[in-house]
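Asks: Got start02.tsv for you, TSV, C-alpha atoms:
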chain	number	residue	atom	x	y	z
V	765	MET	CA	8.00	107.73	181.07
V	766	ASP	CA	5.55	105.40	179.39
V	767	ARG	CA	7.66	102.59	178.01
V	768	SER	CA	4.79	100.57	176.65
V	769	TYR	CA	5.06	98.95	173.26
V	770	GLN	CA	2.09	101.14	172.26
V	771	GLN	CA	4.46	104.08	171.91
V	772	LEU	CA	6.71	102.16	169.55
V	773	ASP	CA	5.98	101.62	165.89
V	774	THR	CA	5.36	97.85	165.95
V	775	LEU	CA	5.85	97.56	162.20
V	776	ILE	CA	9.43	98.84	162.56
V	777	HIS	CA	10.15	97.32	165.96
V	778	GLN	CA	10.01	93.73	164.67
V	779	PRO	CA	13.75	92.77	164.60
V	780	ALA	CA	14.10	91.84	160.91
V	781	ARG	CA	12.07	94.82	159.72
V	782	LEU	CA	14.10	97.11	161.98
V	783	SER	CA	17.31	95.75	160.44
V	784	ILE	CA	15.90	96.42	156.98
V	785	MET	CA	14.95	99.99	157.91
V	786	ALA	CA	18.32	100.61	159.60
V	787	ALA	CA	20.24	99.30	156.59
V	788	LEU	CA	18.19	101.33	154.12
V	789	ALA	CA	18.56	104.45	156.27
V	790	ALA	CA	22.35	104.14	155.89
V	791	ALA	CA	22.29	104.20	152.09
V	792	GLN	CA	20.67	105.93	149.18
V	793	GLU	CA	19.53	102.67	147.60
V	794	VAL	CA	20.35	99.01	148.25
V	795	GLU	CA	20.02	96.09	145.86
V	796	PHE	CA	17.88	93.19	147.15
V	797	SER	CA	20.69	90.60	147.34
V	798	ALA	CA	23.06	93.09	149.00
V	799	LEU	CA	20.47	93.81	151.67
V	800	ARG	CA	19.82	90.09	152.13
V	801	ASP	CA	23.55	89.45	152.64
V	802	ALA	CA	24.04	92.47	154.91
V	803	ILE	CA	21.30	91.55	157.35
V	804	ASN	CA	21.60	87.79	156.89
V	805	ILE	CA	18.02	86.87	156.07
V	806	SER	CA	16.37	84.51	153.57
V	807	ASP	CA	14.99	85.74	150.23
V	808	SER	CA	11.43	84.79	151.14
V	809	LEU	CA	11.46	86.57	154.50
V	810	LEU	CA	13.06	89.65	153.00
V	811	SER	CA	10.40	89.72	150.26
V	812	ARG	CA	7.64	89.42	152.83
V	813	TYR	CA	9.01	92.11	155.15
V	814	THR	CA	9.82	94.55	152.37
V	815	ALA	CA	6.27	94.10	151.08
V	816	ASN	CA	4.95	95.03	154.56
V	817	LEU	CA	7.17	98.11	154.68
V	818	GLU	CA	6.31	99.13	151.13
V	819	GLU	CA	2.60	98.81	151.92
V	820	ALA	CA	3.09	101.17	154.88
V	821	GLY	CA	4.87	103.66	152.59
V	822	TYR	CA	8.15	103.29	154.50
V	823	ILE	CA	10.20	102.00	151.60
V	824	GLU	CA	10.16	102.19	147.82
V	825	VAL	CA	10.85	99.26	145.52
V	826	ARG	CA	12.29	99.84	142.06
V	827	LYS	CA	12.78	97.09	139.50
V	828	THR	CA	15.43	97.31	136.79
V	829	PHE	CA	17.06	94.96	134.31
V	830	VAL	CA	20.75	94.37	133.72
V	831	GLY	CA	20.66	92.56	130.39
V	832	LYS	CA	17.97	89.95	130.97
V	833	ARG	CA	18.57	89.77	134.73
V	834	PRO	CA	16.03	91.58	136.90
V	835	LYS	CA	17.35	93.69	139.75
V	836	THR	CA	15.33	95.00	142.68
V	837	TRP	CA	16.43	98.20	144.37
V	838	LEU	CA	15.10	99.25	147.77
V	839	ALA	CA	15.16	102.74	149.27
V	840	ILE	CA	13.73	104.31	152.39
V	841	THR	CA	11.08	107.00	151.83
V	842	LYS	CA	10.84	110.30	153.73
V	843	LYS	CA	7.92	108.88	155.70
V	844	GLY	CA	10.01	105.79	156.48
V	845	ARG	CA	13.06	107.82	157.49
V	846	ASP	CA	10.96	110.01	159.80
V	847	ALA	CA	9.35	106.95	161.40
V	848	PHE	CA	12.73	105.23	161.76
V	849	ASN	CA	14.39	108.31	163.31
V	850	LYS	CA	11.49	108.74	165.72
V	851	HIS	CA	11.71	105.07	166.69
V	852	VAL	CA	15.46	105.25	167.33
V	853	GLU	CA	15.02	108.47	169.30
V	854	LEU	CA	12.42	106.80	171.49
V	855	LEU	CA	14.74	103.86	172.15
V	856	ARG	CA	17.60	106.26	173.00
V	857	ASN	CA	15.34	108.09	175.44
V	858	ILE	CA	14.53	104.82	177.21
V	859	VAL	CA	18.23	103.93	177.47
V	860	ASN	CA	19.28	107.43	178.57
V	861	GLN	CA	16.50	107.89	181.10
V	862	ASP	CA	17.46	104.69	182.89
V	863	SER	CA	21.15	105.66	182.73
V	864	ASP	CA	20.32	109.03	184.33
V	865	LYS	CA	18.50	107.25	187.14
V	866	VAL	CA	21.52	105.05	187.84
V	867	ALA	CA	23.83	108.08	187.82
E	417	MET	CA	0.49	96.22	179.28
E	418	LYS	CA	3.78	94.88	177.91
E	419	SER	CA	6.66	97.32	178.31
E	420	ILE	CA	10.16	97.60	176.92
E	421	THR	CA	13.13	97.35	179.28
E	422	GLN	CA	16.33	99.35	179.08
E	423	GLU	CA	18.19	96.19	178.18
E	424	GLU	CA	15.84	95.47	175.28
E	425	ALA	CA	16.17	99.06	174.05
E	426	THR	CA	19.96	98.83	174.25
E	427	GLN	CA	20.00	95.55	172.34
E	428	THR	CA	17.66	96.95	169.70
E	429	LEU	CA	19.89	100.00	169.20
E	430	GLU	CA	22.88	97.69	168.93
E	431	LYS	CA	21.07	95.78	166.19
E	432	VAL	CA	20.39	99.06	164.35
E	433	ARG	CA	24.07	100.00	164.57
E	434	ASN	CA	25.18	96.56	163.33
E	435	SER	CA	22.91	96.73	160.28
E	436	GLN	CA	24.17	100.20	159.40
E	437	ASP	CA	27.81	99.24	159.96
E	438	GLU	CA	27.33	96.27	157.65
E	439	ILE	CA	25.94	98.50	154.89
E	440	ASN	CA	28.73	101.06	155.36
E	441	ARG	CA	31.33	98.28	155.26
E	442	ARG	CA	29.99	96.99	151.92
E	443	SER	CA	29.44	100.34	150.22
E	444	ALA	CA	32.00	102.30	148.22
E	445	LYS	CA	34.37	104.24	150.46
E	446	ASP	CA	34.55	107.75	149.12
E	447	TYR	CA	37.81	108.44	150.97
E	448	VAL	CA	39.74	105.64	149.25
E	449	PRO	CA	40.27	107.39	145.87
E	450	TRP	CA	41.04	110.74	147.55
E	451	ILE	CA	43.80	109.17	149.65
E	452	GLY	CA	44.95	107.00	146.74
E	453	TRP	CA	45.21	109.82	144.23
E	454	GLY	CA	46.78	112.14	146.80
E	455	LEU	CA	49.47	109.52	147.47
E	456	PHE	CA	49.89	109.02	143.73
E	457	VAL	CA	50.88	112.68	143.32
E	458	ILE	CA	53.13	112.65	146.39
E	459	LEU	CA	54.94	109.50	145.22
E	460	PHE	CA	55.03	109.96	141.45
E	461	TRP	CA	55.99	113.62	141.09
E	462	PRO	CA	59.27	113.86	143.07
E	463	PRO	CA	61.16	111.37	140.81
E	464	PHE	CA	60.88	113.96	138.01
E	465	ASP	CA	63.58	115.89	139.92
E	466	TYR	CA	65.97	112.93	139.91
E	467	LEU	CA	65.18	110.64	136.96
E	468	ASN	CA	64.93	111.08	133.22
E	469	PRO	CA	61.62	112.97	132.87
E	470	ASN	CA	60.80	111.33	129.53
E	471	VAL	CA	61.07	107.81	130.95
E	472	TRP	CA	59.43	108.68	134.26
E	473	GLY	CA	56.66	110.54	132.40
E	474	ILE	CA	55.70	107.35	130.57
E	475	ILE	CA	55.72	105.35	133.83
E	476	THR	CA	53.55	108.03	135.48
E	477	TRP	CA	51.05	108.02	132.60
E	478	VAL	CA	50.78	104.22	132.66
E	479	ALA	CA	50.30	104.26	136.45
E	480	ALA	CA	47.65	107.00	136.12
E	481	ILE	CA	45.73	105.01	133.49
E	482	ILE	CA	45.87	101.84	135.63
E	483	GLY	CA	44.77	103.90	138.67
E	484	SER	CA	41.84	105.36	136.72
E	485	VAL	CA	40.70	101.90	135.64
E	486	ILE	CA	40.98	100.56	139.21
E	487	THR	CA	39.04	103.58	140.60
E	488	SER	CA	36.28	103.15	138.00
E	489	LEU	CA	36.00	99.41	138.63
E	490	TYR	CA	35.97	99.95	142.40
E	491	PHE	CA	33.02	102.34	142.25
E	492	ALA	CA	31.20	100.42	139.51
E	493	ARG	CA	31.36	97.15	141.46
E	494	ARG	CA	30.28	98.62	144.78
E	495	LYS	CA	27.59	100.88	143.33
E	496	ALA	CA	26.13	97.90	141.49
E	497	ARG	CA	24.83	96.69	144.86
E	498	ILE	CA	24.72	99.65	147.26
E	499	LYS	CA	24.34	103.31	146.36
E	500	SER	CA	25.96	105.18	149.19
E	501	GLN	CA	24.71	108.47	150.63
E	502	ARG	CA	28.28	109.63	151.12
E	503	VAL	CA	29.56	110.29	147.65
E	504	SER	CA	31.60	113.36	146.85
E	505	PRO	CA	29.87	115.47	144.22
E	506	LYS	CA	31.33	115.03	140.73
E	507	LEU	CA	32.32	118.71	140.87
E	508	SER	CA	34.87	117.92	143.59
E	509	TRP	CA	36.76	115.76	141.04
E	510	LEU	CA	36.86	118.76	138.75
E	511	GLY	CA	38.51	120.61	141.65
E	512	TYR	CA	41.01	117.74	141.89
E	513	ILE	CA	41.93	118.03	138.21
E	514	LEU	CA	42.27	121.84	138.42
E	515	TRP	CA	44.48	121.59	141.51
E	516	ILE	CA	46.67	118.99	139.73
E	517	ALA	CA	46.93	121.38	136.76
E	518	VAL	CA	47.99	124.25	139.06
E	519	GLY	CA	50.54	122.04	140.86
E	520	SER	CA	52.08	120.68	137.68
E	521	ALA	CA	52.16	124.17	136.09
E	522	PHE	CA	54.05	125.41	139.16
E	523	ALA	CA	56.57	122.56	138.83
E	524	ILE	CA	57.05	123.04	135.07
E	525	LEU	CA	57.56	126.79	135.42
E	526	THR	CA	60.00	126.57	138.34
E	527	GLN	CA	61.97	123.38	137.52
E	528	SER	CA	64.69	125.27	135.60
E	529	HIS	CA	65.32	127.57	138.60
E	530	PHE	CA	64.63	125.23	141.47
E	531	HIS	CA	65.96	121.65	141.66
E	532	TYR	CA	63.23	120.29	143.95
E	533	ALA	CA	60.30	121.80	142.06
E	534	TRP	CA	58.47	118.49	141.46
E	535	THR	CA	59.11	117.27	145.01
E	536	VAL	CA	57.65	120.44	146.54
E	537	ALA	CA	54.78	120.54	144.03
E	538	GLY	CA	53.99	116.87	144.65
E	539	ILE	CA	53.77	117.28	148.40
E	540	VAL	CA	51.86	120.59	148.29
E	541	THR	CA	49.45	119.28	145.64
E	542	GLY	CA	48.91	115.76	146.99
E	543	LEU	CA	48.77	116.40	150.71
E	544	PRO	CA	45.40	118.25	150.72
E	545	PHE	CA	43.78	115.25	148.96
E	546	VAL	CA	45.19	112.81	151.50
E	547	LEU	CA	44.02	115.03	154.37
E	548	TYR	CA	40.57	115.45	152.80
E	549	GLY	CA	40.41	111.66	152.43
E	550	PHE	CA	41.13	111.22	156.13
E	551	VAL	CA	38.46	113.82	157.00
E	552	LEU	CA	35.94	111.79	154.94
E	553	LYS	CA	37.17	108.58	156.61
E	554	SER	CA	36.61	110.05	160.06
E	555	ARG	CA	32.96	110.78	159.16
E	556	VAL	CA	32.21	107.15	158.24
Now that the file is in, can you turn its structure into structure tokens?

Replies:
Amino acid sequence: MDRSYQQLDTLIHQPARLSIMAALAAAQEVEFSALRDAINISDSLLSRYTANLEEAGYIEVRKTFVGKRPKTWLAITKKGRDAFNKHVELLRNIVNQDSDKVA
Amino acid sequence: MKSITQEEATQTLEKVRNSQDEINRRSAKDYVPWIGWGLFVILFWPPFDYLNPNVWGIITWVAAIIGSVITSLYFARRKARIKSQRVSPKLSWLGYILWIAVGSAFAILTQSHFHYAWTVAGIVTGLPFVLYGFVLKSRV
């Protein structure tokens, strides 16, 4: 099996972006600060990475207001979910293939 | 060409799992109100067989109102930050109310003939909710 990085989606494979995708895949919608706390990342990095993922069409960003306070909601798109599932499947194949060899 | 090792793949999958676990841990647990309200029926109905129903009825109503407020606050607080994928459809709560109505009607109609009417009705009515709650919990 070709295990080169070329097969993997490099946009998702970056650790922080992968955590963002994984977290969003587990929920319908996550508020910015909740995501920041869940994956333990700074506001600025989270903003940058979510912008990358939004640009790729993997996530959607929705802005709302609670009183005068702005709230940012993030959700994974169908394209993002498909890419994430494919990525995880590929990683599982790598793990399982090596396990089969050992067995 | 750079390649990915099995160890790296395993660690990456572990990271995925951790992120998802963290989100699940912080989101509203759908099973909590099912178990809570099931236990409420099991615990609050049987005393009607042994205590003054007028007094116990007031206590039950107060407890139900407090429980409703706690349930609403629980979901409102958690949903304010994470909207979970695993939320029982609102229709299932209609089923809950109808089942409660059937259970209490059974107890009211049989209490004059059968001393343990509220005890039996409480267990038969509440147990399915508790079990359903545990089924939901096992899926998390």

Asks: I'd like the neighbourhood of range 491-499 of chain E as a list in words, where a residue qualifies if any of its atoms comes within 8 Å (using all atoms listed in the file), though same-chain residues fewer than 6 positions away should be ignored.

Replies: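 Within the cut-off, the hits are Ala791, Gln792, Glu793, Val794, Glu795, Ser797 and Ala798 of chain V; Ile439, Arg442, Ser443 and Ala444 of chain E.
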
Asks: Go ahead and dump the residues you just picked, C-alpha atoms, as a compact mmCIF listing (two decimals), in the frame of the given file.

Replies:
# COMPACT_ATOMS: atom_id res chain seq x y z
CA ALA V 791 22.29 104.20 152.09
CA GLN V 792 20.67 105.93 149.18
CA GLU V 793 19.53 102.67 147.60
CA VAL V 794 20.35 99.01 148.25
CA GLU V 795 20.02 96.09 145.86
CA SER V 797 20.69 90.60 147.34
CA ALA V 798 23.06 93.09 149.00
CA ILE E 439 25.94 98.50 154.89
CA ARG E 442 29.99 96.99 151.92
CA SER E 443 29.44 100.34 150.22
CA ALA E 444 32.00 102.30 148.22

Asks: For chain E, which residue out of V:Asn849, V:Ser811, V:Ser783, V:Thr836 is the nearest one, using all atoms listed in the file?

Replies: V:Ser783

Asks: Please return, as JSON, numbers by chain, all residues of chain V lying within 9 Å of chain E when only C-alpha atoms are considered.

Replies: {"V": [766, 767, 768, 769, 770, 777, 779, 782, 783, 784, 785, 786, 787, 788, 789, 790, 791, 792, 793, 794, 795, 796, 797, 798, 799, 802, 803, 837, 852, 854, 855, 856, 858, 859, 860, 861, 862, 863]}

Asks: Could you work out how far CA of Arg812 in chain V lies from CA of Arg845 in chain V, giving the answer in Å with one decimal?

Replies: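 Interatomic distance here is 19.7 Å.
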
Asks: Just the number, please: distance in Å from CA of Val457 in chain E to CA of Ala479 in chain E, one decimal.

Replies: 10.9 Å

Asks: Determine, counting only C-alpha atoms, every residue of protein, DNA or RNA that lies within 10 Å of (39.6, 104.4, 150.0) in the file coordinates, then give the result as a ChimeraX atom specification.

Replies: /E:444-453,487,490,549-550,552-553

Asks: Could you jot down the CA of Asn804 in chain V to CA of Ile486 in chain E separation for me, Å, one decimal place?

Replies: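 CA of Ile486 in chain E lies at a distance of 29.2 Å from CA of Asn804 in chain V.
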
Asks: Using only C-alpha atoms, determine which residues lie at most 9 Å from Gln527 in chain E, disregarding the query and same-chain residues fewer than 6 positions distant; provide the list as a PyMOL selection string.

Replies: chain E and resi 465+533-534

Asks: Put a box with edges along x, y and z around all the listed atoms of range 534-553 of chain E, pad it by 3 Å on each side, then give me its centre and sizes in Å, one decimal, as AutoDock Vina command-line options.

Replies:
--center_x 47.5 --center_y 114.6 --center_z 149.2 --size_x 29.2 --size_y 18.0 --size_z 21.5

Asks: Of the residues E:Gly542, E:Phe456, E:Leu467, E:Leu525, which is the one nearest to Ile481 in chain E, using only C-alpha atoms?

Replies: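 Once distances to Ile481 in chain E are computed over only C-alpha atoms, the minimum belongs to E:Phe456.
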